[in-house]
$ cat start-v3.pdb   # PDB, C-alpha atoms
ATOM      1  CA  MET A   1       1.045 -47.423   0.974  1.00  0.00           C
ATOM      2  CA  ASN A   2       2.173 -44.062   2.303  1.00  0.00           C
ATOM      3  CA  GLN A   3       3.369 -42.169  -0.715  1.00  0.00           C
ATOM      4  CA  PRO A   4       5.190 -38.872  -0.233  1.00  0.00           C
ATOM      5  CA  ILE A   5       3.139 -35.830  -1.087  1.00  0.00           C
ATOM      6  CA  GLU A   6       4.647 -33.823  -3.910  1.00  0.00           C
ATOM      7  CA  ASN A   7       5.505 -30.256  -2.984  1.00  0.00           C
ATOM      8  CA  HIS A   8       3.651 -27.966  -5.383  1.00  0.00           C
ATOM      9  CA  ASN A   9       5.249 -24.882  -3.818  1.00  0.00           C
ATOM     10  CA  LYS A  10       8.469 -25.025  -5.788  1.00  0.00           C
ATOM     11  CA  VAL A  11      10.975 -22.210  -5.622  1.00  0.00           C
ATOM     12  CA  ASN A  12      12.460 -21.043  -8.930  1.00  0.00           C
ATOM     13  CA  ALA A  13      16.122 -20.949  -7.958  1.00  0.00           C
ATOM     14  CA  THR A  14      17.511 -21.198 -11.490  1.00  0.00           C
ATOM     15  CA  LYS A  15      15.152 -18.861 -13.330  1.00  0.00           C
ATOM     16  CA  GLU A  16      16.632 -15.549 -14.483  1.00  0.00           C
ATOM     17  CA  TYR A  17      14.646 -12.366 -13.978  1.00  0.00           C
ATOM     18  CA  SER A  18      14.802  -8.923 -15.531  1.00  0.00           C
ATOM     19  CA  ALA A  19      16.804  -6.246 -13.735  1.00  0.00           C
ATOM     20  CA  LYS A  20      13.591  -4.628 -12.526  1.00  0.00           C
ATOM     21  CA  TRP A  21      12.280  -7.844 -10.956  1.00  0.00           C
ATOM     22  CA  GLN A  22      15.680  -8.681  -9.511  1.00  0.00           C
ATOM     23  CA  THR A  23      15.836  -5.236  -7.855  1.00  0.00           C
ATOM     24  CA  ARG A  24      12.408  -5.811  -6.303  1.00  0.00           C
ATOM     25  CA  PHE A  25      13.308  -9.323  -5.149  1.00  0.00           C
ATOM     26  CA  ASP A  26      16.589  -8.132  -3.631  1.00  0.00           C
ATOM     27  CA  PHE A  27      14.761  -5.393  -1.728  1.00  0.00           C
ATOM     28  CA  PHE A  28      12.224  -7.885  -0.357  1.00  0.00           C
ATOM     29  CA  ASP A  29      15.031 -10.306   0.572  1.00  0.00           C
ATOM     30  CA  LEU A  30      16.842  -7.555   2.487  1.00  0.00           C
ATOM     31  CA  HIS A  31      13.917  -5.815   4.174  1.00  0.00           C
ATOM     32  CA  GLY A  32      11.112  -8.375   4.319  1.00  0.00           C
ATOM     33  CA  ALA A  33       7.420  -7.983   3.626  1.00  0.00           C
ATOM     34  CA  PRO A  34       5.731  -4.580   3.297  1.00  0.00           C
ATOM     35  CA  SER A  35       4.122  -5.232   6.693  1.00  0.00           C
ATOM     36  CA  THR A  36       7.447  -5.559   8.540  1.00  0.00           C
ATOM     37  CA  PRO A  37       8.745  -2.540  10.476  1.00  0.00           C
ATOM     38  CA  GLY A  38      12.064  -2.305   8.643  1.00  0.00           C
ATOM     39  CA  PHE A  39      10.443  -2.255   5.211  1.00  0.00           C
ATOM     40  CA  ARG A  40       8.830   1.163   5.558  1.00  0.00           C
ATOM     41  CA  GLN A  41      12.041   2.753   6.873  1.00  0.00           C
ATOM     42  CA  ALA A  42      14.109   1.232   4.057  1.00  0.00           C
ATOM     43  CA  LEU A  43      11.530   2.357   1.490  1.00  0.00           C
ATOM     44  CA  LYS A  44      11.765   5.950   2.760  1.00  0.00           C
ATOM     45  CA  GLN A  45      15.513   5.929   2.107  1.00  0.00           C
ATOM     46  CA  LEU A  46      15.078   5.146  -1.579  1.00  0.00           C
ATOM     47  CA  PRO A  47      14.846   7.758  -4.337  1.00  0.00           C
ATOM     48  CA  PHE A  48      11.320   8.374  -5.659  1.00  0.00           C
ATOM     49  CA  ARG A  49      11.655   6.226  -8.797  1.00  0.00           C
ATOM     50  CA  GLN A  50      13.054   3.313  -6.775  1.00  0.00           C
ATOM     51  CA  LYS A  51      10.156   3.606  -4.326  1.00  0.00           C
ATOM     52  CA  LEU A  52       7.733   3.335  -7.219  1.00  0.00           C
ATOM     53  CA  LYS A  53       9.607   0.378  -8.683  1.00  0.00           C
ATOM     54  CA  VAL A  54       9.431  -1.557  -5.403  1.00  0.00           C
ATOM     55  CA  ASN A  55       6.014  -0.441  -4.195  1.00  0.00           C
ATOM     56  CA  MET A  56       3.913  -0.254  -7.383  1.00  0.00           C
ATOM     57  CA  ASN A  57       3.664  -2.258 -10.573  1.00  0.00           C
ATOM     58  CA  LEU A  58       2.448  -0.076 -13.441  1.00  0.00           C
ATOM     59  CA  ILE A  59       1.637  -2.995 -15.741  1.00  0.00           C
ATOM     60  CA  ALA A  60      -0.484  -4.599 -13.004  1.00  0.00           C
ATOM     61  CA  PHE A  61      -2.186  -1.232 -12.391  1.00  0.00           C
ATOM     62  CA  LEU A  62      -3.129  -0.940 -16.063  1.00  0.00           C
ATOM     63  CA  PHE A  63      -3.826  -4.596 -16.936  1.00  0.00           C
ATOM     64  CA  GLY A  64      -4.414  -6.202 -13.514  1.00  0.00           C
ATOM     65  CA  PRO A  65      -6.416  -9.377 -14.109  1.00  0.00           C
ATOM     66  CA  ILE A  66      -4.638 -10.269 -17.340  1.00  0.00           C
ATOM     67  CA  TYR A  67      -1.161  -9.583 -15.947  1.00  0.00           C
ATOM     68  CA  LEU A  68      -1.681 -11.688 -12.828  1.00  0.00           C
ATOM     69  CA  PHE A  69      -2.754 -14.638 -14.975  1.00  0.00           C
ATOM     70  CA  VAL A  70       0.372 -14.136 -17.117  1.00  0.00           C
ATOM     71  CA  LEU A  71       2.564 -14.154 -13.981  1.00  0.00           C
ATOM     72  CA  GLY A  72       0.901 -17.358 -12.785  1.00  0.00           C
ATOM     73  CA  LEU A  73      -0.803 -15.696  -9.824  1.00  0.00           C
ATOM     74  CA  TRP A  74      -4.195 -17.074 -10.801  1.00  0.00           C
ATOM     75  CA  LYS A  75      -5.326 -17.913  -7.251  1.00  0.00           C
ATOM     76  CA  LYS A  76      -4.738 -14.380  -6.019  1.00  0.00           C
ATOM     77  CA  ASN A  77      -6.327 -13.040  -9.198  1.00  0.00           C
ATOM     78  CA  ILE A  78      -9.486 -15.080  -8.670  1.00  0.00           C
ATOM     79  CA  MET A  79      -9.726 -13.747  -5.108  1.00  0.00           C
ATOM     80  CA  LEU A  80      -9.337 -10.129  -6.268  1.00  0.00           C
ATOM     81  CA  ILE A  81     -11.974 -10.646  -8.965  1.00  0.00           C
ATOM     82  CA  LEU A  82     -14.339 -12.164  -6.376  1.00  0.00           C
ATOM     83  CA  ILE A  83     -13.737  -9.203  -4.055  1.00  0.00           C
ATOM     84  CA  MET A  84     -14.601  -6.828  -6.907  1.00  0.00           C
ATOM     85  CA  VAL A  85     -17.769  -8.758  -7.756  1.00  0.00           C
ATOM     86  CA  VAL A  86     -18.898  -8.766  -4.121  1.00  0.00           C
ATOM     87  CA  VAL A  87     -18.221  -5.039  -3.638  1.00  0.00           C
ATOM     88  CA  TYR A  88     -20.004  -4.073  -6.847  1.00  0.00           C
ATOM     89  CA  THR A  89     -22.945  -6.388  -6.072  1.00  0.00           C
ATOM     90  CA  ILE A  90     -23.399  -4.956  -2.581  1.00  0.00           C
ATOM     91  CA  LEU A  91     -23.237  -1.393  -3.904  1.00  0.00           C
ATOM     92  CA  ILE A  92     -25.682  -2.090  -6.734  1.00  0.00           C
ATOM     93  CA  ILE A  93     -28.168  -3.704  -4.347  1.00  0.00           C
ATOM     94  CA  ALA A  94     -27.781  -0.925  -1.754  1.00  0.00           C
ATOM     95  CA  LEU A  95     -28.228   1.779  -4.376  1.00  0.00           C
ATOM     96  CA  ALA A  96     -31.217  -0.042  -5.900  1.00  0.00           C
ATOM     97  CA  ILE A  97     -32.884  -0.245  -2.483  1.00  0.00           C
ATOM     98  CA  ALA A  98     -32.251   3.474  -2.031  1.00  0.00           C
ATOM     99  CA  GLY A  99     -33.759   4.111  -5.473  1.00  0.00           C
ATOM    100  CA  MET A 100     -30.538   5.528  -6.886  1.00  0.00           C
ATOM    101  CA  GLU A 101     -28.539   4.786  -9.985  1.00  0.00           C
ATOM    102  CA  PHE A 102     -24.903   3.788  -9.761  1.00  0.00           C
ATOM    103  CA  PRO A 103     -23.086   7.151  -9.993  1.00  0.00           C
ATOM    104  CA  ARG A 104     -20.433   7.442 -12.681  1.00  0.00           C
ATOM    105  CA  TYR A 105     -17.884   8.986 -10.291  1.00  0.00           C
ATOM    106  CA  LEU A 106     -18.293   6.012  -7.948  1.00  0.00           C
ATOM    107  CA  GLN A 107     -17.672   3.593 -10.817  1.00  0.00           C
ATOM    108  CA  ILE A 108     -14.519   5.472 -11.792  1.00  0.00           C
ATOM    109  CA  GLY A 109     -13.307   5.713  -8.194  1.00  0.00           C
ATOM    110  CA  LEU A 110     -13.820   2.000  -7.550  1.00  0.00           C
ATOM    111  CA  GLY A 111     -12.080   1.158 -10.804  1.00  0.00           C
ATOM    112  CA  TYR A 112      -9.008   3.183  -9.843  1.00  0.00           C
ATOM    113  CA  GLY A 113      -9.121   1.720  -6.343  1.00  0.00           C
ATOM    114  CA  PHE A 114      -9.126  -1.853  -7.593  1.00  0.00           C
ATOM    115  CA  ASN A 115      -6.402  -1.015 -10.113  1.00  0.00           C
ATOM    116  CA  ALA A 116      -4.338   0.340  -7.214  1.00  0.00           C
ATOM    117  CA  LEU A 117      -4.882  -2.941  -5.318  1.00  0.00           C
ATOM    118  CA  TYR A 118      -3.526  -4.854  -8.279  1.00  0.00           C
ATOM    119  CA  GLY A 119      -0.595  -2.487  -8.702  1.00  0.00           C
ATOM    120  CA  MET A 120       0.403  -2.489  -5.044  1.00  0.00           C
ATOM    121  CA  SER A 121       0.016  -6.198  -4.312  1.00  0.00           C
ATOM    122  CA  THR A 122       1.548  -7.741  -7.452  1.00  0.00           C
ATOM    123  CA  ASN A 123       5.268  -7.230  -6.731  1.00  0.00           C
ATOM    124  CA  TYR A 124       5.276  -8.899  -3.330  1.00  0.00           C
ATOM    125  CA  SER A 125       2.851 -11.616  -4.439  1.00  0.00           C
ATOM    126  CA  TYR A 126       5.122 -12.506  -7.352  1.00  0.00           C
ATOM    127  CA  TYR A 127       8.130 -12.481  -5.000  1.00  0.00           C
ATOM    128  CA  LEU A 128       6.329 -14.906  -2.677  1.00  0.00           C
ATOM    129  CA  LYS A 129       5.523 -17.200  -5.584  1.00  0.00           C
ATOM    130  CA  GLU A 130       8.931 -17.148  -7.234  1.00  0.00           C
ATOM    131  CA  LYS A 131      11.325 -16.899  -4.290  1.00  0.00           C
ATOM    132  CA  LYS A 132       9.425 -18.368  -1.345  1.00  0.00           C
ATOM    133  CA  GLY A 133       7.290 -20.936  -3.175  1.00  0.00           C
ATOM    134  CA  ASP A 134       4.082 -19.517  -1.706  1.00  0.00           C
ATOM    135  CA  ASN A 135       1.329 -19.274  -4.316  1.00  0.00           C
ATOM    136  CA  GLY A 136      -1.655 -19.172  -1.962  1.00  0.00           C
ATOM    137  CA  TRP A 137      -5.070 -17.581  -2.270  1.00  0.00           C
ATOM    138  CA  ASN A 138      -4.505 -14.484  -0.107  1.00  0.00           C
ATOM    139  CA  PRO A 139      -3.692 -11.547  -2.419  1.00  0.00           C
ATOM    140  CA  PHE A 140      -2.817  -9.311   0.548  1.00  0.00           C
ATOM    141  CA  LYS A 141      -0.373 -11.600   2.353  1.00  0.00           C
ATOM    142  CA  GLY A 142       2.442  -9.522   3.838  1.00  0.00           C
ATOM    143  CA  MET A 143       0.883  -6.204   2.819  1.00  0.00           C
ATOM    144  CA  ARG A 144       0.659  -3.226   5.193  1.00  0.00           C
ATOM    145  CA  TRP A 145      -3.108  -3.158   5.506  1.00  0.00           C
TER     146      TRP A 145
END
$ encode --input "start-v3.pdb" --output "structure tokens"
Amino acid sequence: MNQPIENHNKVNATKEYSAKWQTRFDFFDLHGAPSTPGFRQALKQLPFRQKLKVNMNLIAFLFGPIYLFVLGLWKKNIMLILIMVVVYTILIIALAIAGMEFPRYLQIGLGYGFNALYGMSTNYSYYLKEKKGDNGWNPFKGMRW
């Protein structure tokens, strides 16, 4: 009667990755999560372009929600979309109560801010999914903040 539960958190040990992803994965393997003490020190030692490669994902910055679905990070993507909806809803309600319109500069600033969240969290989230088998709902797992 007791059937074993299938492990849905499978690690892709045989999958081949591009050189860019392999560089990121190797860095995370060596220095841990962005929240670990050794990560920041190791990141400082890298040349500027390498820092950007490890710390920021330009495709995720530009095409966040679509790119995370393509990478299979749909749970984290749903959470980020929900966070955006909640933030925008609260701001719209607060501004409506104050009798103000939603300022254009605030819309632009929030857009860039959410794009930055996508760009900065994608690399480590994809590493967790592919190398550690962790495809949970928390988009900020292991991040510095």
$ resolve_selection --input "start-v3.pdb" --expression "the PyMOL selection byres ((chain A and resi 51) around 12)" --output "VMD selection string"
chain A and resid 23 to 24 27 39 to 50 52 to 57 120
$ residues_near_point --input "start-v3.pdb" --point "(-4.4, -1.0, -10.3)" --cutoff "12 Å" --atoms "all atoms listed in the file" --output "JSON, numbers by chain"
{"A": [56, 57, 58, 59, 60, 61, 62, 63, 64, 65, 66, 67, 68, 80, 109, 110, 111, 112, 113, 114, 115, 116, 117, 118, 119, 120, 121, 122]}
$ atom_distance --input "start-v3.pdb" --atom1 "atom CA of A:Leu71" --atom2 "atom CA of A:Lys141"
16.8 Å
$ closest_residue --input "start-v3.pdb" --among "A:Arg104, A:Lys131, A:Lys15, A:Arg144" --to "A:Phe28" --atoms "all atoms listed in the file"
A:Lys131
$ atom_distance --input "start-v3.pdb" --atom1 "atom CA of A:Tyr124" --atom2 "atom CA of A:Ala33"
7.3 Å
$ axis_aligned_box --input "start-v3.pdb" --around "stretch 37-42 of chain A" --padding-each-side "3 Å" --output "JSON"
{"center_x": 11.4, "center_y": 0.1, "center_z": 7.3, "size_x": 11.4, "size_y": 11.3, "size_z": 12.4}
$ closest_residue --input "start-v3.pdb" --among "A:Ile108, A:Asn135, A:Glu130, A:Phe140" --to "A:Tyr17" --atoms "only C-alpha atoms"
A:Glu130
$ resolve_selection --input "start-v3.pdb" --expression "the PyMOL selection byres ((chain A and resi 76) around 9)" --output "PyMOL selection string"
chain A and resi 68+73-75+77-81+125+135-140
$ decode --input "start-v3.pdb" --residues "stretch 1-142 of chain A" --atoms "C-alpha atoms" --output "PDB file, in the first residue's frame"
ATOM      1  CA  MET A   1       0.000   0.000   0.000  1.00  0.00           C
ATOM      2  CA  ASN A   2       2.853   2.389   0.698  1.00  0.00           C
ATOM      3  CA  GLN A   3       4.097   3.442  -2.688  1.00  0.00           C
ATOM      4  CA  PRO A   4       7.321   5.432  -2.942  1.00  0.00           C
ATOM      5  CA  ILE A   5       6.829   9.084  -3.724  1.00  0.00           C
ATOM      6  CA  GLU A   6       8.437  10.085  -6.993  1.00  0.00           C
ATOM      7  CA  ASN A   7      11.068  12.783  -6.659  1.00  0.00           C
ATOM      8  CA  HIS A   8      10.042  15.675  -8.902  1.00  0.00           C
ATOM      9  CA  ASN A   9      13.216  17.595  -8.032  1.00  0.00           C
ATOM     10  CA  LYS A  10      15.450  15.887 -10.555  1.00  0.00           C
ATOM     11  CA  VAL A  11      18.957  17.121 -11.192  1.00  0.00           C
ATOM     12  CA  ASN A  12      20.039  17.398 -14.834  1.00  0.00           C
ATOM     13  CA  ALA A  13      23.418  15.697 -14.602  1.00  0.00           C
ATOM     14  CA  THR A  14      23.695  14.783 -18.283  1.00  0.00           C
ATOM     15  CA  LYS A  15      22.386  17.964 -19.888  1.00  0.00           C
ATOM     16  CA  GLU A  16      24.962  20.126 -21.671  1.00  0.00           C
ATOM     17  CA  TYR A  17      24.896  23.877 -21.158  1.00  0.00           C
ATOM     18  CA  SER A  18      26.317  26.798 -23.092  1.00  0.00           C
ATOM     19  CA  ALA A  19      29.693  28.165 -22.029  1.00  0.00           C
ATOM     20  CA  LYS A  20      27.996  31.153 -20.417  1.00  0.00           C
ATOM     21  CA  TRP A  21      25.702  28.994 -18.271  1.00  0.00           C
ATOM     22  CA  GLN A  22      28.522  26.611 -17.419  1.00  0.00           C
ATOM     23  CA  THR A  23      30.659  29.550 -16.225  1.00  0.00           C
ATOM     24  CA  ARG A  24      27.814  30.730 -13.989  1.00  0.00           C
ATOM     25  CA  PHE A  25      27.170  27.232 -12.639  1.00  0.00           C
ATOM     26  CA  ASP A  26      30.867  26.678 -11.925  1.00  0.00           C
ATOM     27  CA  PHE A  27      31.035  29.971 -10.028  1.00  0.00           C
ATOM     28  CA  PHE A  28      27.997  29.042  -7.922  1.00  0.00           C
ATOM     29  CA  ASP A  29      29.445  25.562  -7.282  1.00  0.00           C
ATOM     30  CA  LEU A  30      32.720  27.089  -6.074  1.00  0.00           C
ATOM     31  CA  HIS A  31      31.432  30.044  -4.065  1.00  0.00           C
ATOM     32  CA  GLY A  32      27.860  29.181  -3.095  1.00  0.00           C
ATOM     33  CA  ALA A  33      24.749  31.321  -3.106  1.00  0.00           C
ATOM     34  CA  PRO A  34      24.854  35.114  -3.488  1.00  0.00           C
ATOM     35  CA  SER A  35      23.932  35.349   0.206  1.00  0.00           C
ATOM     36  CA  THR A  36      27.018  33.449   1.404  1.00  0.00           C
ATOM     37  CA  PRO A  37      29.989  35.461   2.701  1.00  0.00           C
ATOM     38  CA  GLY A  38      32.517  34.036   0.250  1.00  0.00           C
ATOM     39  CA  PHE A  39      30.396  34.853  -2.790  1.00  0.00           C
ATOM     40  CA  ARG A  40      30.723  38.625  -2.529  1.00  0.00           C
ATOM     41  CA  GLN A  41      34.505  38.452  -2.044  1.00  0.00           C
ATOM     42  CA  ALA A  42      34.916  36.100  -5.014  1.00  0.00           C
ATOM     43  CA  LEU A  43      32.683  38.328  -7.149  1.00  0.00           C
ATOM     44  CA  LYS A  44      34.872  41.355  -6.362  1.00  0.00           C
ATOM     45  CA  GLN A  45      37.907  39.504  -7.717  1.00  0.00           C
ATOM     46  CA  LEU A  46      36.343  39.013 -11.138  1.00  0.00           C
ATOM     47  CA  PRO A  47      36.772  41.392 -14.077  1.00  0.00           C
ATOM     48  CA  PHE A  48      33.767  43.644 -14.759  1.00  0.00           C
ATOM     49  CA  ARG A  49      32.333  41.589 -17.639  1.00  0.00           C
ATOM     50  CA  GLN A  50      32.591  38.375 -15.607  1.00  0.00           C
ATOM     51  CA  LYS A  51      30.809  40.059 -12.696  1.00  0.00           C
ATOM     52  CA  LEU A  52      27.973  40.990 -15.020  1.00  0.00           C
ATOM     53  CA  LYS A  53      27.838  37.487 -16.472  1.00  0.00           C
ATOM     54  CA  VAL A  54      27.500  35.900 -13.022  1.00  0.00           C
ATOM     55  CA  ASN A  55      25.390  38.549 -11.315  1.00  0.00           C
ATOM     56  CA  MET A  56      22.980  39.722 -14.040  1.00  0.00           C
ATOM     57  CA  ASN A  57      21.105  38.077 -16.875  1.00  0.00           C
ATOM     58  CA  LEU A  58      20.467  40.560 -19.684  1.00  0.00           C
ATOM     59  CA  ILE A  59      17.878  38.396 -21.440  1.00  0.00           C
ATOM     60  CA  ALA A  60      15.920  38.046 -18.183  1.00  0.00           C
ATOM     61  CA  PHE A  61      16.207  41.819 -17.639  1.00  0.00           C
ATOM     62  CA  LEU A  62      14.724  42.515 -21.071  1.00  0.00           C
ATOM     63  CA  PHE A  63      12.200  39.661 -21.374  1.00  0.00           C
ATOM     64  CA  GLY A  64      11.700  38.564 -17.744  1.00  0.00           C
ATOM     65  CA  PRO A  65       8.355  36.767 -17.580  1.00  0.00           C
ATOM     66  CA  ILE A  66       8.724  35.104 -20.970  1.00  0.00           C
ATOM     67  CA  TYR A  67      12.321  34.012 -20.358  1.00  0.00           C
ATOM     68  CA  LEU A  68      11.574  32.445 -16.978  1.00  0.00           C
ATOM     69  CA  PHE A  69       8.781  30.384 -18.531  1.00  0.00           C
ATOM     70  CA  VAL A  70      11.204  29.284 -21.277  1.00  0.00           C
ATOM     71  CA  LEU A  71      13.760  28.214 -18.639  1.00  0.00           C
ATOM     72  CA  GLY A  72      11.089  26.237 -16.790  1.00  0.00           C
ATOM     73  CA  LEU A  73      11.087  28.535 -13.765  1.00  0.00           C
ATOM     74  CA  TRP A  74       7.327  28.983 -13.909  1.00  0.00           C
ATOM     75  CA  LYS A  75       6.758  28.821 -10.137  1.00  0.00           C
ATOM     76  CA  LYS A  76       9.211  31.623  -9.449  1.00  0.00           C
ATOM     77  CA  ASN A  77       7.786  33.552 -12.395  1.00  0.00           C
ATOM     78  CA  ILE A  78       4.245  33.317 -11.042  1.00  0.00           C
ATOM     79  CA  MET A  79       5.468  34.616  -7.675  1.00  0.00           C
ATOM     80  CA  LEU A  80       7.258  37.578  -9.290  1.00  0.00           C
ATOM     81  CA  ILE A  81       4.166  38.400 -11.354  1.00  0.00           C
ATOM     82  CA  LEU A  82       2.010  38.243  -8.204  1.00  0.00           C
ATOM     83  CA  ILE A  83       4.445  40.545  -6.393  1.00  0.00           C
ATOM     84  CA  MET A  84       4.202  43.025  -9.276  1.00  0.00           C
ATOM     85  CA  VAL A  85       0.400  42.883  -9.277  1.00  0.00           C
ATOM     86  CA  VAL A  86       0.244  43.446  -5.516  1.00  0.00           C
ATOM     87  CA  VAL A  87       2.698  46.370  -5.597  1.00  0.00           C
ATOM     88  CA  TYR A  88       0.924  48.067  -8.492  1.00  0.00           C
ATOM     89  CA  THR A  89      -2.507  47.487  -6.909  1.00  0.00           C
ATOM     90  CA  ILE A  90      -1.435  48.976  -3.581  1.00  0.00           C
ATOM     91  CA  LEU A  91       0.100  52.000  -5.306  1.00  0.00           C
ATOM     92  CA  ILE A  92      -2.943  52.571  -7.515  1.00  0.00           C
ATOM     93  CA  ILE A  93      -5.294  52.388  -4.529  1.00  0.00           C
ATOM     94  CA  ALA A  94      -3.067  54.638  -2.390  1.00  0.00           C
ATOM     95  CA  LEU A  95      -2.748  57.202  -5.167  1.00  0.00           C
ATOM     96  CA  ALA A  96      -6.496  57.064  -5.872  1.00  0.00           C
ATOM     97  CA  ILE A  97      -7.251  57.718  -2.198  1.00  0.00           C
ATOM     98  CA  ALA A  98      -4.845  60.658  -2.300  1.00  0.00           C
ATOM     99  CA  GLY A  99      -6.594  61.932  -5.438  1.00  0.00           C
ATOM    100  CA  MET A 100      -3.493  61.589  -7.595  1.00  0.00           C
ATOM    101  CA  GLU A 101      -2.834  59.949 -10.915  1.00  0.00           C
ATOM    102  CA  PHE A 102      -0.164  57.304 -11.282  1.00  0.00           C
ATOM    103  CA  PRO A 103       2.929  59.351 -12.238  1.00  0.00           C
ATOM    104  CA  ARG A 104       4.727  58.295 -15.401  1.00  0.00           C
ATOM    105  CA  TYR A 105       8.163  58.411 -13.735  1.00  0.00           C
ATOM    106  CA  LEU A 106       6.924  56.028 -11.036  1.00  0.00           C
ATOM    107  CA  GLN A 107       5.665  53.599 -13.678  1.00  0.00           C
ATOM    108  CA  ILE A 108       9.025  53.693 -15.447  1.00  0.00           C
ATOM    109  CA  GLY A 109      10.973  53.331 -12.200  1.00  0.00           C
ATOM    110  CA  LEU A 110       8.916  50.345 -11.052  1.00  0.00           C
ATOM    111  CA  GLY A 111       9.272  48.744 -14.464  1.00  0.00           C
ATOM    112  CA  TYR A 112      13.064  49.016 -14.346  1.00  0.00           C
ATOM    113  CA  GLY A 113      13.053  47.813 -10.747  1.00  0.00           C
ATOM    114  CA  PHE A 114      11.073  44.690 -11.560  1.00  0.00           C
ATOM    115  CA  ASN A 115      13.228  44.079 -14.634  1.00  0.00           C
ATOM    116  CA  ALA A 116      16.275  44.269 -12.357  1.00  0.00           C
ATOM    117  CA  LEU A 117      14.677  41.681 -10.033  1.00  0.00           C
ATOM    118  CA  TYR A 118      14.262  39.333 -12.964  1.00  0.00           C
ATOM    119  CA  GLY A 119      17.787  39.966 -14.207  1.00  0.00           C
ATOM    120  CA  MET A 120      19.451  39.496 -10.832  1.00  0.00           C
ATOM    121  CA  SER A 121      17.524  36.453  -9.624  1.00  0.00           C
ATOM    122  CA  THR A 122      17.395  34.342 -12.805  1.00  0.00           C
ATOM    123  CA  ASN A 123      20.966  32.975 -12.874  1.00  0.00           C
ATOM    124  CA  TYR A 124      20.938  31.532  -9.372  1.00  0.00           C
ATOM    125  CA  SER A 125      17.336  30.339  -9.680  1.00  0.00           C
ATOM    126  CA  TYR A 126      18.197  28.438 -12.854  1.00  0.00           C
ATOM    127  CA  TYR A 127      21.295  27.004 -11.142  1.00  0.00           C
ATOM    128  CA  LEU A 128      19.127  25.779  -8.257  1.00  0.00           C
ATOM    129  CA  LYS A 129      16.704  24.156 -10.676  1.00  0.00           C
ATOM    130  CA  GLU A 130      19.263  22.529 -12.945  1.00  0.00           C
ATOM    131  CA  LYS A 131      22.075  21.593 -10.563  1.00  0.00           C
ATOM    132  CA  LYS A 132      20.416  21.253  -7.160  1.00  0.00           C
ATOM    133  CA  GLY A 133      16.971  20.045  -8.244  1.00  0.00           C
ATOM    134  CA  ASP A 134      15.241  22.857  -6.357  1.00  0.00           C
ATOM    135  CA  ASN A 135      12.431  24.399  -8.400  1.00  0.00           C
ATOM    136  CA  GLY A 136      10.464  25.958  -5.543  1.00  0.00           C
ATOM    137  CA  TRP A 137       8.243  29.011  -5.368  1.00  0.00           C
ATOM    138  CA  ASN A 138      10.677  31.450  -3.719  1.00  0.00           C
ATOM    139  CA  PRO A 139      12.248  33.604  -6.462  1.00  0.00           C
ATOM    140  CA  PHE A 140      14.717  35.144  -3.990  1.00  0.00           C
ATOM    141  CA  LYS A 141      16.112  31.963  -2.441  1.00  0.00           C
ATOM    142  CA  GLY A 142      19.827  32.409  -1.770  1.00  0.00           C
TER     143      GLY A 142
END
